[in-house]
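Q: run21.cif is reproduced below (mmCIF, C-alpha atoms).
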data_structure
#
loop_
_atom_site.label_atom_id
_atom_site.label_comp_id
_atom_site.auth_asym_id
_atom_site.auth_seq_id
_atom_site.Cartn_x
_atom_site.Cartn_y
_atom_site.Cartn_z
CA MET K 1 -10.73 -6.95 15.75
CA HIS K 2 -13.11 -9.15 17.68
CA TYR K 3 -15.32 -11.57 15.82
CA PHE K 4 -18.63 -9.90 16.68
CA ALA K 5 -17.24 -6.35 16.52
CA LYS K 6 -16.35 -7.03 12.87
CA MET K 7 -20.06 -7.57 12.11
CA LYS K 8 -20.87 -3.95 12.92
CA GLY K 9 -19.32 -2.76 9.66
CA GLY K 10 -18.84 0.91 10.36
CA ALA K 11 -17.52 1.95 6.95
CA GLN K 12 -19.53 4.31 4.77
CA SER K 13 -21.35 3.23 1.66
CA PRO K 14 -19.81 4.73 -1.51
CA PRO K 15 -21.58 7.76 -3.03
CA ARG K 16 -24.32 7.45 -5.65
CA VAL K 17 -23.26 7.78 -9.29
CA GLY K 18 -24.39 10.64 -11.54
CA ILE K 19 -27.38 10.65 -13.88
CA SER K 20 -25.33 10.10 -17.03
CA GLU K 21 -23.75 7.03 -15.46
CA ILE K 22 -27.21 5.63 -14.74
CA LEU K 23 -28.31 6.41 -18.28
CA TRP K 24 -25.34 4.74 -19.95
CA SER K 25 -25.68 1.72 -17.66
CA TRP K 26 -29.25 1.42 -18.89
CA VAL K 27 -28.33 1.81 -22.57
CA GLY K 28 -25.47 -0.70 -22.37
CA SER K 29 -27.42 -3.38 -20.55
CA PHE K 30 -30.48 -2.91 -22.80
CA CYS K 31 -28.36 -3.39 -25.93
CA GLY K 32 -26.26 -6.24 -24.53
CA ILE K 33 -29.16 -8.30 -23.26
CA SER K 34 -31.18 -7.48 -26.44
CA LEU K 35 -28.46 -8.90 -28.63
CA VAL K 36 -28.09 -12.25 -26.88
CA THR K 37 -31.82 -12.79 -26.26
CA LEU K 38 -32.71 -11.78 -29.81
CA ILE K 39 -30.31 -14.36 -31.21
CA HIS K 40 -31.62 -16.84 -28.68
CA TYR K 41 -35.33 -16.47 -29.41
CA ARG K 42 -35.17 -15.77 -33.17
CA PHE K 43 -32.52 -18.21 -34.32
CA LEU K 44 -31.26 -20.69 -31.76
CA GLU K 45 -34.34 -21.76 -29.81
CA PRO K 46 -36.12 -23.03 -32.94
CA MET K 47 -33.02 -25.18 -33.54
CA ASP K 48 -33.20 -26.37 -29.92
CA MET K 49 -30.08 -24.45 -28.96
CA LEU K 50 -29.33 -21.80 -26.33
CA MET K 51 -27.72 -18.37 -26.42
CA VAL K 52 -28.67 -16.95 -23.06
CA ILE K 53 -28.33 -18.09 -19.46
CA GLY K 54 -29.51 -16.32 -16.30
CA SER K 55 -26.01 -15.37 -15.18
CA PHE K 56 -25.74 -12.92 -18.12
CA GLY K 57 -28.12 -10.63 -16.25
CA ALA K 58 -25.59 -10.47 -13.43
CA SER K 59 -22.74 -9.86 -15.88
CA ALA K 60 -24.71 -6.95 -17.32
CA VAL K 61 -24.64 -5.24 -13.90
CA LEU K 62 -20.87 -5.33 -13.94
CA ILE K 63 -19.91 -4.72 -17.57
CA TYR K 64 -22.48 -1.96 -18.17
CA GLY K 65 -23.03 -0.68 -14.61
CA ALA K 66 -19.63 -0.85 -12.87
CA ILE K 67 -17.28 -0.79 -15.83
CA ARG K 68 -14.17 0.28 -13.89
CA SER K 69 -14.40 -2.70 -11.57
CA PRO K 70 -11.65 -5.30 -11.96
CA LEU K 71 -14.48 -7.85 -11.83
CA ALA K 72 -16.01 -6.34 -14.98
CA GLN K 73 -12.99 -6.54 -17.30
CA PRO K 74 -12.96 -8.77 -20.42
CA ARG K 75 -10.49 -11.22 -18.89
CA ASN K 76 -12.84 -11.74 -15.95
CA LEU K 77 -16.04 -11.72 -18.00
CA VAL K 78 -15.03 -14.29 -20.61
CA GLY K 79 -12.51 -16.23 -18.52
CA GLY K 80 -14.72 -16.36 -15.43
CA HIS K 81 -17.78 -17.59 -17.34
CA MET K 82 -15.98 -20.22 -19.39
CA LEU K 83 -13.88 -21.67 -16.57
CA SER K 84 -16.91 -21.78 -14.28
CA ALA K 85 -18.98 -23.43 -17.00
CA ALA K 86 -16.37 -26.18 -17.37
CA VAL K 87 -16.23 -26.72 -13.61
CA GLY K 88 -20.03 -26.85 -13.46
CA VAL K 89 -20.31 -29.43 -16.23
CA ALA K 90 -17.59 -31.58 -14.66
CA ALA K 91 -19.29 -31.39 -11.25
CA TYR K 92 -22.63 -32.46 -12.75
CA GLN K 93 -21.16 -35.34 -14.72
CA CYS K 94 -19.23 -36.72 -11.74
CA PHE K 95 -21.83 -36.21 -9.00
CA HIS K 96 -25.28 -36.07 -10.68
CA HIS K 97 -26.56 -38.86 -8.41
CA GLU K 98 -26.09 -36.43 -5.50
CA MET K 99 -27.34 -33.14 -6.91
CA TRP K 100 -26.78 -31.02 -3.79
CA LEU K 101 -23.13 -32.08 -3.74
CA ALA K 102 -22.70 -31.43 -7.46
CA ALA K 103 -24.16 -27.94 -7.05
CA ALA K 104 -22.00 -27.06 -4.05
CA LEU K 105 -18.82 -28.39 -5.65
CA ALA K 106 -19.58 -26.58 -8.91
CA VAL K 107 -19.86 -23.16 -7.29
CA SER K 108 -17.09 -23.54 -4.72
CA PHE K 109 -14.53 -24.88 -7.18
CA ALA K 110 -15.57 -22.28 -9.76
CA ILE K 111 -14.79 -19.51 -7.28
CA ALA K 112 -11.47 -21.10 -6.31
CA LEU K 113 -10.47 -21.53 -9.96
CA MET K 114 -11.47 -17.96 -10.84
CA HIS K 115 -9.35 -16.69 -7.94
CA LEU K 116 -6.41 -18.83 -9.02
CA THR K 117 -6.57 -17.61 -12.60
CA LYS K 118 -7.30 -13.96 -11.69
CA THR K 119 -10.60 -14.15 -13.57
CA LEU K 120 -12.99 -13.62 -10.65
CA HIS K 121 -16.37 -12.66 -12.10
CA PRO K 122 -19.33 -13.09 -9.71
CA PRO K 123 -21.81 -14.24 -12.39
CA GLY K 124 -19.42 -17.13 -13.05
CA GLY K 125 -20.73 -18.70 -9.83
CA ALA K 126 -24.22 -18.68 -11.35
CA THR K 127 -22.90 -20.11 -14.63
CA ALA K 128 -21.38 -23.05 -12.73
CA LEU K 129 -24.59 -23.57 -10.73
CA ILE K 130 -26.77 -23.48 -13.88
CA ALA K 131 -24.65 -26.28 -15.36
CA VAL K 132 -25.93 -28.45 -12.48
CA ILE K 133 -29.48 -27.22 -11.81
CA GLY K 134 -30.33 -26.03 -15.35
CA GLY K 135 -32.34 -29.11 -16.34
CA PRO K 136 -32.14 -31.71 -19.13
CA LYS K 137 -31.59 -29.19 -21.94
CA ILE K 138 -28.45 -27.83 -20.30
CA HIS K 139 -27.24 -31.27 -19.24
CA ALA K 140 -27.58 -32.52 -22.82
CA LEU K 141 -25.02 -29.95 -24.00
CA GLY K 142 -22.22 -31.60 -22.05
CA PHE K 143 -18.98 -29.62 -22.25
CA GLY K 144 -20.46 -27.83 -25.27
CA TYR K 145 -22.09 -25.62 -22.60
CA VAL K 146 -18.69 -23.96 -22.16
CA LEU K 147 -18.73 -22.59 -25.73
CA LEU K 148 -22.44 -22.16 -26.43
CA PRO K 149 -24.22 -20.47 -24.75
CA THR K 150 -21.54 -19.46 -22.22
CA GLY K 151 -18.45 -18.48 -24.22
CA LEU K 152 -20.14 -17.00 -27.26
CA GLY K 153 -22.74 -15.19 -25.15
CA ALA K 154 -20.05 -13.63 -22.96
CA VAL K 155 -18.06 -12.51 -26.01
CA LEU K 156 -21.15 -10.89 -27.60
CA MET K 157 -21.96 -9.08 -24.35
CA MET K 158 -18.34 -7.90 -24.25
CA LEU K 159 -18.52 -6.55 -27.84
CA VAL K 160 -21.58 -4.50 -26.90
CA ALA K 161 -19.72 -3.21 -23.82
CA LEU K 162 -16.80 -2.12 -26.04
CA LEU K 163 -19.13 -0.31 -28.45
CA ILE K 164 -21.45 1.34 -25.92
CA ASN K 165 -19.16 2.04 -22.95
CA ASN K 166 -16.70 4.03 -25.04
CA ILE K 167 -19.28 6.46 -26.46
CA PRO K 168 -19.50 8.92 -23.53
CA LYS K 169 -16.40 11.01 -22.75
CA SER K 170 -16.66 10.07 -19.10
CA ARG K 171 -16.34 6.33 -19.73
CA LYS K 172 -13.60 4.03 -20.94
CA TYR K 173 -13.72 0.24 -21.34
CA PRO K 174 -11.83 -1.90 -20.70
CA GLU K 175 -9.32 -0.95 -18.04
CA PHE K 176 -7.21 -3.93 -19.18
CA TRP K 177 -7.52 -6.91 -21.50
CA VAL K 178 -5.48 -9.67 -19.93
CA MET Z 1 -5.06 -3.30 10.65
CA ILE Z 2 -3.80 -5.71 13.20
CA GLY Z 3 -1.31 -5.09 16.01
CA ASN Z 4 1.53 -2.63 15.70
CA ASP Z 5 -0.14 0.09 13.69
CA PRO Z 6 2.32 2.92 13.08
CA TRP Z 7 -0.63 5.08 11.97
CA GLU Z 8 -2.54 4.76 15.22
CA ASP Z 9 -1.57 8.21 16.47
CA CYS Z 10 -0.87 9.66 13.05
CA PRO Z 11 -3.94 11.06 11.28
CA LEU Z 12 -4.29 10.65 7.53
CA PRO Z 13 -3.67 13.86 5.59
CA PHE Z 14 -7.28 13.90 4.35
CA ALA Z 15 -10.75 13.62 5.81
CA ASP Z 16 -13.30 10.98 4.82
CA GLU Z 17 -15.29 13.71 3.02
CA ASP Z 18 -12.25 14.48 0.83
CA VAL Z 19 -12.15 10.90 -0.39
CA LEU Z 20 -15.90 10.75 -0.94
CA THR Z 21 -15.73 14.00 -2.93
CA ALA Z 22 -12.90 12.54 -5.00
CA MET Z 23 -14.93 9.39 -5.63
CA GLN Z 24 -17.82 11.51 -6.84
CA ALA Z 25 -15.51 13.53 -9.06
CA ILE Z 26 -14.54 10.36 -10.92
CA PRO Z 27 -17.41 9.36 -13.19
CA GLY Z 28 -18.50 5.75 -12.88
CA TYR Z 29 -19.07 3.41 -10.01
CA ILE Z 30 -15.88 3.15 -7.94
CA ASP Z 31 -15.83 -0.41 -6.73
CA ILE Z 32 -14.02 0.24 -3.43
CA THR Z 33 -15.05 1.25 0.08
CA LEU Z 34 -13.64 4.24 1.88
CA GLU Z 35 -12.01 1.98 4.47
CA ASP Z 36 -10.31 -0.10 1.80
CA PHE Z 37 -9.02 3.03 0.12
CA LYS Z 38 -7.56 4.29 3.39
CA GLU Z 39 -5.93 0.95 4.08
CA LEU Z 40 -4.42 0.89 0.59
CA TYR Z 41 -3.16 4.42 1.09
CA ARG Z 42 -1.51 3.60 4.40
CA ILE Z 43 0.21 0.48 3.13
CA ALA Z 44 1.40 2.15 -0.07
CA TYR Z 45 2.65 5.18 1.86
CA ASP Z 46 4.55 3.06 4.39
CA ARG Z 47 6.09 1.11 1.56
CA ALA Z 48 7.16 4.27 -0.27
CA VAL Z 49 8.80 5.67 2.86
CA LYS Z 50 10.60 2.39 3.49
CA ARG Z 51 11.72 2.17 -0.14
CA ILE Z 52 13.13 5.69 -0.11
CA ARG Z 53 14.78 5.18 3.26
CA GLU Z 54 16.39 2.04 1.94
CA SER Z 55 17.50 3.64 -1.29
CA THR Z 56 18.88 6.81 0.32
CA LYS Z 57 22.50 6.43 1.42
CA ALA Z 58 24.54 8.36 3.96
CA ALA Z 59 26.43 9.99 1.08
CA ASP Z 60 23.15 11.55 -0.15
CA VAL Z 61 22.31 13.35 3.09
CA MET Z 62 25.60 13.89 4.92
CA THR Z 63 27.16 17.28 5.64
CA ALA Z 64 30.58 17.61 4.06
CA PRO Z 65 33.26 18.69 4.58
CA VAL Z 66 33.09 17.93 8.29
CA ILE Z 67 34.53 20.03 11.10
CA THR Z 68 36.72 17.91 13.38
CA VAL Z 69 38.51 18.54 16.66
CA THR Z 70 41.84 16.99 17.66
CA SER Z 71 42.15 14.82 20.72
CA GLY Z 72 44.75 17.08 22.37
CA MET Z 73 42.68 20.28 22.18
CA SER Z 74 41.68 21.83 25.49
CA LEU Z 75 37.99 21.68 26.22
CA ALA Z 76 37.80 25.47 26.09
CA GLN Z 77 39.22 25.48 22.57
CA ALA Z 78 36.97 22.69 21.48
CA ALA Z 79 33.88 24.33 22.96
CA GLU Z 80 34.74 27.61 21.30
CA LEU Z 81 35.21 25.92 17.93
CA LEU Z 82 31.82 24.20 18.23
CA ALA Z 83 30.21 27.48 19.29
CA VAL Z 84 31.74 29.49 16.44
CA LYS Z 85 30.71 26.88 13.87
CA GLY Z 86 27.24 26.64 15.38
CA ILE Z 87 27.33 22.88 15.81
CA SER Z 88 26.75 20.73 18.85
CA GLY Z 89 29.30 17.99 18.25
CA ALA Z 90 32.19 16.82 16.08
CA PRO Z 91 34.34 13.78 15.39
CA VAL Z 92 37.62 13.64 17.28
CA VAL Z 93 40.78 12.81 15.33
CA ALA Z 94 44.11 11.79 16.78
CA GLU Z 95 47.13 14.08 16.28
CA GLU Z 96 48.47 11.58 13.77
CA GLY Z 97 45.12 11.37 12.00
CA GLY Z 98 42.32 8.80 12.21
CA ILE Z 99 39.03 9.04 14.03
CA ILE Z 100 39.15 7.97 17.69
CA GLY Z 101 35.91 9.35 19.15
CA VAL Z 102 33.08 11.87 19.00
CA ILE Z 103 32.58 14.84 21.30
CA SER Z 104 29.25 16.58 21.81
CA GLU Z 105 27.23 18.75 24.13
CA THR Z 106 26.22 15.64 26.02
CA ASP Z 107 29.85 14.84 26.91
CA PHE Z 108 30.35 18.36 28.25
CA LEU Z 109 27.09 18.30 30.19
CA LEU Z 110 27.98 14.95 31.79
CA GLN Z 111 31.24 16.47 33.09
CA MET Z 112 29.34 19.44 34.49
CA GLY Z 113 27.01 17.48 36.66
CA ALA Z 114 24.22 16.79 34.23
CA ARG Z 115 23.57 13.33 35.60
CA PRO Z 116 21.34 11.43 35.63
CA ASN Z 117 19.42 12.48 32.53
CA ARG Z 118 22.11 14.44 30.69
CA SER Z 119 20.11 17.60 30.33
CA PHE Z 120 21.17 21.22 30.24
CA MET Z 121 18.44 21.92 32.81
CA ALA Z 122 20.17 19.55 35.24
CA VAL Z 123 23.32 21.68 34.98
CA ILE Z 124 21.33 24.87 35.57
CA ALA Z 125 19.62 23.31 38.58
CA GLN Z 126 22.99 22.31 39.99
CA CYS Z 127 24.43 25.82 39.46
CA LEU Z 128 21.49 27.46 41.19
CA ASN Z 129 21.46 25.04 44.13
CA ASN Z 130 25.20 25.06 44.80
CA GLN Z 131 25.94 28.76 44.47
CA GLY Z 132 28.26 28.38 41.53
CA CYS Z 133 28.93 26.01 38.76
CA ILE Z 134 31.24 23.06 38.94
CA ALA Z 135 32.92 23.73 35.66
CA LEU Z 136 36.29 24.16 37.32
CA PRO Z 137 37.59 20.61 37.05
CA VAL Z 138 36.66 20.61 33.40
CA ARG Z 139 38.94 23.54 32.61
CA LYS Z 140 42.13 21.55 32.80
CA GLN Z 141 40.86 18.65 30.73
CA ILE Z 142 41.41 17.93 27.06
CA VAL Z 143 39.08 16.52 24.42
CA ALA Z 144 40.48 12.98 24.79
CA ASP Z 145 39.43 12.96 28.46
CA ILE Z 146 35.70 13.39 27.93
CA MET Z 147 34.95 12.29 24.37
CA SER Z 148 32.73 9.29 23.66
CA LYS Z 149 34.89 6.43 22.41
CA PRO Z 150 35.29 4.39 20.40
CA ALA Z 151 33.61 6.37 17.65
CA ILE Z 152 30.43 4.84 16.23
CA THR Z 153 30.75 5.34 12.48
CA ALA Z 154 29.00 4.45 9.26
CA PHE Z 155 29.99 4.30 5.61
CA GLU Z 156 28.88 6.42 2.69
CA SER Z 157 26.94 3.43 1.40
CA THR Z 158 25.04 2.84 4.67
CA THR Z 159 21.29 3.40 4.23
CA ILE Z 160 19.69 6.16 6.25
CA MET Z 161 17.33 3.51 7.62
CA ASP Z 162 20.27 1.73 9.24
CA ILE Z 163 21.64 5.04 10.48
CA ALA Z 164 18.28 5.95 12.03
CA ALA Z 165 18.27 2.56 13.78
CA THR Z 166 21.79 3.19 15.12
CA PHE Z 167 20.73 6.60 16.43
CA SER Z 168 17.96 5.17 18.51
CA GLN Z 169 19.78 1.98 19.60
CA ARG Z 170 22.97 3.76 20.70
CA ASN Z 171 21.14 6.89 21.82
CA ILE Z 172 23.39 9.20 19.78
CA ASN Z 173 22.60 12.20 17.60
CA ARG Z 174 25.37 12.23 15.00
CA ILE Z 175 27.48 9.70 13.22
CA PRO Z 176 30.71 10.36 11.30
CA ILE Z 177 30.73 8.89 7.80
CA LEU Z 178 33.82 7.14 6.48
CA GLY Z 179 34.93 6.83 2.88
CA ALA Z 180 36.19 3.63 1.28
CA SER Z 181 39.70 4.04 2.70
CA GLY Z 182 38.48 4.83 6.22
CA GLU Z 183 38.91 8.62 6.12
CA ILE Z 184 36.14 10.89 7.46
CA THR Z 185 34.16 12.26 4.53
CA GLY Z 186 31.11 13.70 6.27
CA ILE Z 187 28.70 13.55 9.17
CA VAL Z 188 25.00 12.68 9.43
CA THR Z 189 22.85 14.09 12.21
CA ARG Z 190 19.31 13.29 13.29
CA ARG Z 191 18.24 16.47 11.54
CA ASP Z 192 19.66 15.25 8.21
CA ILE Z 193 17.53 12.11 8.49
CA VAL Z 194 14.41 14.12 9.25
CA HIS Z 195 15.06 16.40 6.26
CA ALA Z 196 15.64 13.43 3.97
CA VAL Z 197 12.34 11.83 4.97
CA CYS Z 198 10.46 15.13 4.71
CA LYS Z 199 11.71 15.66 1.17
CA ILE Z 200 10.01 12.36 0.36
CA SER Z 201 6.67 13.40 1.78
#
Translate this structure into structure tokens?

A:
Amino acid sequence: MHYFAKMKGGAQSPPRVGISEILWSWVGSFCGISLVTLIHYRFLEPMDMLMVIGSFGASAVLIYGAIRSPLAQPRNLVGGHMLSAAVGVAAYQCFHHEMWLAAALAVSFAIALMHLTKTLHPPGGATALIAVIGGPKIHALGFGYVLLPTGLGAVLMMLVALLINNIPKSRKYPEFWV
Amino acid sequence: MIGNDPWEDCPLPFADEDVLTAMQAIPGYIDITLEDFKELYRIAYDRAVKRIRESTKAADVMTAPVITVTSGMSLAQAAELLAVKGISGAPVVAEEGGIIGVISETDFLLQMGARPNRSFMAVIAQCLNNQGCIALPVRKQIVADIMSKPAITAFESTTIMDIAATFSQRNINRIPILGASGEITGIVTRRDIVHAVCKIS
């Protein structure tokens, strides 16, 4: 196919999901985000710690809204976030004098590493970027960022997905673990 | 898909609407486009056909036992045998045994003026144009005179994929199958290959 012809697309957009799917996506994401932000604001923030990062909002789309997607499975959710967090911290620590470079390296290497390890999870790209652009509070965590908020937050979101996504007959989560 | 697309002229067995209906029948967001699904289907289907062709051997599809003619038979006898058995060709065995050739409709037609494209219609055209058919010289001949030789053969363990390739490369329609000790154990025709592949799909 020619370069410009490829830009026309031409394929059809997939059909819209049913009402119950929309409802359960809402319930799952409400509960999942509630849990991590509740812990964050009630317990951790007063101790100057974090439980929630912006990329969890993106994860919620996948693990509560598109639960059959390979990108939404536990391996991808937890693995993708934690590996990307480590890459992001490393990129910041090595290149913080050149922030644009640190940011670009964080995201690009996070994607490459997620591909390599079969843990591709789109919000992981945001997790890596936050490690660089997230400000002094994030930077102060060092590699601790990989475990808290990233690792623990992802695991809590996954537990909510297990509990909520398996309630309706029409849903099953996960498709696979590892 | 790029380049040699075997599906170019071959429509998929379902319409786009069928796939979209199926996607709607499955609850949940199906994270795949219609085009990707069709591409997956095509590749998986091609692979399945190839796998089955490679795993199916001549022994699985051949006709056995096989009707043979002997090299010394007159053409009239041979033709009558083929006609009675309702087949269009047979392996030729020597009087002392052993396959030495294959005789088929094509060999007869070539003797009866079917050149250049070996068709029955060419013989008819010749008959009608020349007020009579030129079968006369053929009457005195024997099988050994007109058979195709040497015989192209395959073994019971040959895959039907290899046999199909031989059919099109050598432009033949049947191939005698030999057992481990070289004796004829069966015959595979183009039709047998088609049936084998249809059973798959």

Q: Would you write out, as a list in words, every residue that the PyMOL selection byres ((chain Z) within 9 of (chain K)) captures in this file?

A: Met1, Ile2, Leu20, Thr21, Met23, Gln24, Ile26, Pro27, Gly28, Tyr29, Ile30, Asp31, Ile32, Thr33, Leu34 and Glu35 of chain Z

Q: Z:Ile52, Z:Ala22, Z:Met112, Z:Ile142: which is nearest Z:Cys127, counting all atoms listed in the file?

A: Z:Met112

Q: Just so the selection is clear, what residues does the PyMOL selection byres ((chain K and resi 49-59) around 6) cover here, as JSON, numbers by chain?

A: {"K": [40, 44, 45, 47, 48, 60, 61, 62, 123, 126, 127, 149]}

Q: Would you work out the distance separating atom CA of Z:Ser168 from atom CA of Z:Asp107, expressed in Å to one decimal?

A: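 Atom CA of Z:Asp107 lies 17.5 Å from atom CA of Z:Ser168.
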
Q: Please measure the separation of atom CA of K:Pro136 and atom CA of K:Gly80, giving the value in Å to one decimal.

A: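 Atom CA of K:Gly80 lies at a distance of 23.5 Å from atom CA of K:Pro136.
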
Q: Using all atoms listed in the file, pick whichever of Z:Val194, Z:Ile87, Z:Ile67, Z:Leu40 has the shortest atom-to-atom distance to Z:Ala164.

A: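 Among Z:Val194, Z:Ile87, Z:Ile67, Z:Leu40, it is Z:Val194 that comes nearest to Z:Ala164.
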
Q: Excluding stretch 156-163 of chain Z and its own-chain neighbours fewer than 4 positions away, which residues fall within 7 Å of it when counting all atoms listed in the file? Please give them as a PyMOL selection string.

A: chain Z and resi 53-59+167+177-179+193

Q: With C-alpha atoms retained, could you export that selection as a PDB file, in the frame of the given file?

A:
ATOM      1  CA  ARG Z  53      14.780   5.180   3.260  1.00  0.00           C
ATOM      2  CA  GLU Z  54      16.390   2.040   1.940  1.00  0.00           C
ATOM      3  CA  SER Z  55      17.500   3.640  -1.290  1.00  0.00           C
ATOM      4  CA  THR Z  56      18.880   6.810   0.320  1.00  0.00           C
ATOM      5  CA  LYS Z  57      22.500   6.430   1.420  1.00  0.00           C
ATOM      6  CA  ALA Z  58      24.540   8.360   3.960  1.00  0.00           C
ATOM      7  CA  ALA Z  59      26.430   9.990   1.080  1.00  0.00           C
ATOM      8  CA  PHE Z 167      20.730   6.600  16.430  1.00  0.00           C
ATOM      9  CA  ILE Z 177      30.730   8.890   7.800  1.00  0.00           C
ATOM     10  CA  LEU Z 178      33.820   7.140   6.480  1.00  0.00           C
ATOM     11  CA  GLY Z 179      34.930   6.830   2.880  1.00  0.00           C
ATOM     12  CA  ILE Z 193      17.530  12.110   8.490  1.00  0.00           C
TER      13      ILE Z 193
END

Q: Could you please give me, as a ChimeraX atom specification, the residues of protein, DNA or RNA lying at most 10 Å from (-23.7, -32.3, -4.4) in the coordinate frame of the file, considering only C-alpha atoms?

A: /K:91-92,94-106,132

Q: Store the residues picked out above, limited to C-alpha atoms, as a PDB file, in the frame of the given file.

A:
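Result written to result_7.pdb:
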ATOM      1  CA  ALA K  91     -19.290 -31.390 -11.250  1.00  0.00           C
ATOM      2  CA  TYR K  92     -22.630 -32.460 -12.750  1.00  0.00           C
ATOM      3  CA  CYS K  94     -19.230 -36.720 -11.740  1.00  0.00           C
ATOM      4  CA  PHE K  95     -21.830 -36.210  -9.000  1.00  0.00           C
ATOM      5  CA  HIS K  96     -25.280 -36.070 -10.680  1.00  0.00           C
ATOM      6  CA  HIS K  97     -26.560 -38.860  -8.410  1.00  0.00           C
ATOM      7  CA  GLU K  98     -26.090 -36.430  -5.500  1.00  0.00           C
ATOM      8  CA  MET K  99     -27.340 -33.140  -6.910  1.00  0.00           C
ATOM      9  CA  TRP K 100     -26.780 -31.020  -3.790  1.00  0.00           C
ATOM     10  CA  LEU K 101     -23.130 -32.080  -3.740  1.00  0.00           C
ATOM     11  CA  ALA K 102     -22.700 -31.430  -7.460  1.00  0.00           C
ATOM     12  CA  ALA K 103     -24.160 -27.940  -7.050  1.00  0.00           C
ATOM     13  CA  ALA K 104     -22.000 -27.060  -4.050  1.00  0.00           C
ATOM     14  CA  LEU K 105     -18.820 -28.390  -5.650  1.00  0.00           C
ATOM     15  CA  ALA K 106     -19.580 -26.580  -8.910  1.00  0.00           C
ATOM     16  CA  VAL K 132     -25.930 -28.450 -12.480  1.00  0.00           C
TER      17      VAL K 132
END

Q: If I take atom CA of Z:Asn173 and atom CA of Z:Ala154, how far is one from the other in Å, to one decimal?

A: 13.1 Å

Q: Can you spell out as a list of chain:residue names the set of residues that the PyMOL selection byres ((chain K and resi 141-145) around 8) selects in the structure I just provided?

A: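 Those residues are K:Ala85, K:Ala86, K:Val89, K:Ala90, K:Ala131, K:Lys137, K:Ile138, K:His139, K:Ala140, K:Val146, K:Leu147, K:Leu148, K:Pro149, K:Thr150.
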
Q: Which residues are close to Z:Ile172, i.e. within 10 Å by all atoms listed in the file, leaving aside same-chain residues fewer than 3 positions away? Reply as an NGL selection string.

A: :Z and (104 or 106 or 152 or 164 or 166-169 or 175 or 189-190)

Q: Write out as a list in words the residues lying within 12 Å of K:Lys118, counting only C-alpha atoms and excluding same-chain residues fewer than 6 positions away.

A: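 The residues satisfying every condition are Pro70, Leu71, Gln73, Pro74, Arg75, Asn76, Leu77, Val78, Gly79, Gly80, Leu83, Ala110, Ile111, Ala112 and Val178 of chain K.
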